[in-house]
Amino acid sequence: MRLLLISDTHLPARARELPPQVWAEVAAADVVVHAGDWVDVALLDELEERSKRLIGVYGNNDGPALRARLPEIARAELDGVRLAVIHETGAKQGREQRCDARFPDTDVLVFGHSHIPWDTVAPSGLRLLNPGSPTDRRRQPYCTYQTCRVENGALTGVELHQLPRRG
């Protein structure tokens with residue numbers, strides 16, 4: 001099972017649309033995970049239409065229309081892997097310990113908010129992933145997203161992808 005992880009798309013505030021490379025990944029993915037800060041409900045509609053399966057949450061920049069359709073925390077079991085998605089996890093210091101305590105029955109936690117890619121493992125074995133942002137790099141050198149696979153009850157092949165700079 002192929003997963004595409006994205007967050008902090010901020011459409012149309014930070015870009016007019018998702019980059020073509022991300023849309024190609026949407027088409028290839030069995031599951032698209034969006035960790036919040038969509039900003040416009042039009043992207044949710046389009047991802048629902050174009051994804052085989054979409055798991056998403058709202059972020060701090062998402063208004064009432066998105067909050068009415070998305071949870072703060074999403075959970076799913078994907079081929080034996082217990083996934084949770086949330087927008088914010090707080091400061092980077094102590095993140096693994098906080099998330100261990102808050103998500104004890106979770107194998108993989110996908111989060112966003114910082115626009116900073118993240119891939120660590122908490123003491124319990126919880127994998128924490130932040131795909132960065134495909135549209136707003138902030139202080140990062142590139143806009144990014146992640147892909148991975150779920151195979152035989154395990155997360156494999158986590159890869160961070162850098163997008164070409166716009167303009």
# chains A, B, ... in the order shown; residues from 1 in each chain; ligands from 1

call {"tool": "select_by_dssp", "arguments": {"residues": "range 24-145 of chain A", "states": "helix (DSSP H, G or I)", "output": "short mmCIF file (atom, residue, chain, number, x, y, z; two decimals) with C-alpha atoms, in the first residue's frame"}}
result
data_model
loop_
_atom_site.label_atom_id
_atom_site.label_comp_id
_atom_site.auth_asym_id
_atom_site.auth_seq_id
_atom_site.Cartn_x
_atom_site.Cartn_y
_atom_site.Cartn_z
CA ALA A 24 1.08 12.63 -9.89
CA GLU A 25 1.75 11.19 -6.42
CA VAL A 26 -1.95 11.53 -5.55
CA ALA A 27 -2.77 9.40 -8.59
CA ALA A 28 -0.17 6.77 -7.61
CA VAL A 41 -12.26 23.77 1.03
CA ALA A 42 -11.77 23.50 -2.76
CA LEU A 43 -8.57 21.46 -2.23
CA LEU A 44 -10.42 19.06 0.09
CA ASP A 45 -13.07 18.58 -2.59
CA GLU A 46 -10.46 17.97 -5.29
CA LEU A 47 -8.40 15.56 -3.17
CA GLU A 48 -11.55 13.63 -2.23
CA GLU A 49 -12.39 13.34 -5.91
CA ARG A 50 -8.90 12.35 -7.10
CA PRO A 64 -15.45 26.58 9.89
CA ALA A 65 -16.17 24.96 6.49
CA LEU A 66 -13.12 22.69 6.78
CA ARG A 67 -13.61 22.06 10.51
CA ALA A 68 -17.16 20.91 9.80
CA ARG A 69 -15.84 18.19 7.47
CA ARG A 95 7.97 15.97 21.06
CA GLU A 96 8.67 12.23 21.12
CA GLN A 97 7.84 11.91 24.82
CA ARG A 98 4.67 14.02 24.52
CA CYS A 99 3.46 12.06 21.53
CA ASP A 100 4.28 8.74 23.23
CA ALA A 101 2.01 9.76 26.12
CA ARG A 102 -0.77 11.15 23.91
#

call {"tool": "closest_atom_pairs", "arguments": {"of": "range 143-166 of chain A", "to": "range 3-15 of chain A", "cutoff": "10 Å", "atoms": "only C-alpha atoms", "output": "CSV"}}
result
residue,atom,partner,partner_atom,distance
A:Thr144,CA,A:Ile6,CA,8.1
A:Tyr145,CA,A:Ile6,CA,5.3
A:Gln146,CA,A:Leu5,CA,5.0
A:Thr147,CA,A:Leu4,CA,4.7
A:Cys148,CA,A:Leu3,CA,5.3
A:Arg149,CA,A:Leu3,CA,5.8
A:Val150,CA,A:Leu3,CA,7.6
A:Leu155,CA,A:Leu3,CA,9.8
A:Val158,CA,A:Leu3,CA,9.3
A:Glu159,CA,A:Leu4,CA,9.9
A:Leu160,CA,A:Leu5,CA,9.5
A:Arg166,CA,A:Ala15,CA,9.7

call {"tool": "write_last_selection", "arguments": {"atoms": "C-alpha atoms", "output": "short mmCIF file (atom, residue, chain, number, x, y, z; two decimals), in the first residue's frame"}}
result
data_model
loop_
_atom_site.label_atom_id
_atom_site.label_comp_id
_atom_site.auth_asym_id
_atom_site.auth_seq_id
_atom_site.Cartn_x
_atom_site.Cartn_y
_atom_site.Cartn_z
CA THR A 144 8.60 18.91 0.42
CA TYR A 145 6.29 15.92 0.82
CA GLN A 146 6.80 12.31 1.90
CA THR A 147 5.90 8.92 0.50
CA CYS A 148 6.04 5.54 2.19
CA ARG A 149 4.59 2.06 2.03
CA VAL A 150 2.68 -0.18 4.39
CA LEU A 155 5.80 1.03 7.57
CA VAL A 158 9.77 6.48 4.04
CA GLU A 159 11.14 9.01 1.58
CA LEU A 160 11.28 12.81 1.69
CA ARG A 166 8.99 27.96 -8.23
#

call {"tool": "closest_residue", "arguments": {"among": "A:Leu70, A:Val33, A:Val39, A:Gln93", "to": "Leu129 in chain A", "atoms": "only C-alpha atoms"}}
result
A:Val33

call {"tool": "select_by_dssp", "arguments": {"residues": "chain A", "states": "strand (DSSP E or B)", "output": "PyMOL selection string"}}
result
chain A and resi 2-6+31-34+54-56+73-78+81-86+108-110+118-121+127-130+144-151+154-162

call {"tool": "residues_around", "arguments": {"residues": "Gly59 in chain A", "least_positions_apart": "3", "cutoff": "12 Å", "atoms": "only C-alpha atoms", "output": "PyMOL selection string"}}
result
chain A and resi 7-10+34-40+56+62-64+66-67+70-73+85-89+111-114

call {"tool": "atom_distance", "arguments": {"atom1": "CA of Pro134 in chain A", "atom2": "CA of Leu78 in chain A"}}
result
24.0 Å

call {"tool": "atom_distance", "arguments": {"atom1": "CA of Thr120 in chain A", "atom2": "CA of Leu83 in chain A"}}
result
14.9 Å

call {"tool": "closest_residue", "arguments": {"among": "A:Asp107, A:Asn60, A:Asn130, A:Val22", "to": "Glu77 in chain A", "atoms": "only C-alpha atoms"}}
result
A:Asp107

call {"tool": "residues_around", "arguments": {"residues": "Asn152 in chain A", "least_positions_apart": "6", "cutoff": "12 Å", "atoms": "only C-alpha atoms", "output": "PyMOL selection string"}}
result
chain A and resi 1+78-81

call {"tool": "write_last_selection", "arguments": {"atoms": "C-alpha atoms", "output": "PDB file, in the first residue's frame"}}
result
ATOM      1  CA  MET A   1       0.000   0.000   0.000  1.00  0.00           C
ATOM      2  CA  LEU A  78      -3.774   0.366   7.373  1.00  0.00           C
ATOM      3  CA  ASP A  79      -2.826  -3.284   6.877  1.00  0.00           C
ATOM      4  CA  GLY A  80      -2.108  -3.633  10.612  1.00  0.00           C
ATOM      5  CA  VAL A  81      -0.335  -0.269  11.017  1.00  0.00           C
TER       6      VAL A  81
END

call {"tool": "atom_distance", "arguments": {"atom1": "CA of Leu163 in chain A", "atom2": "CA of Pro141 in chain A"}}
result
9.9 Å
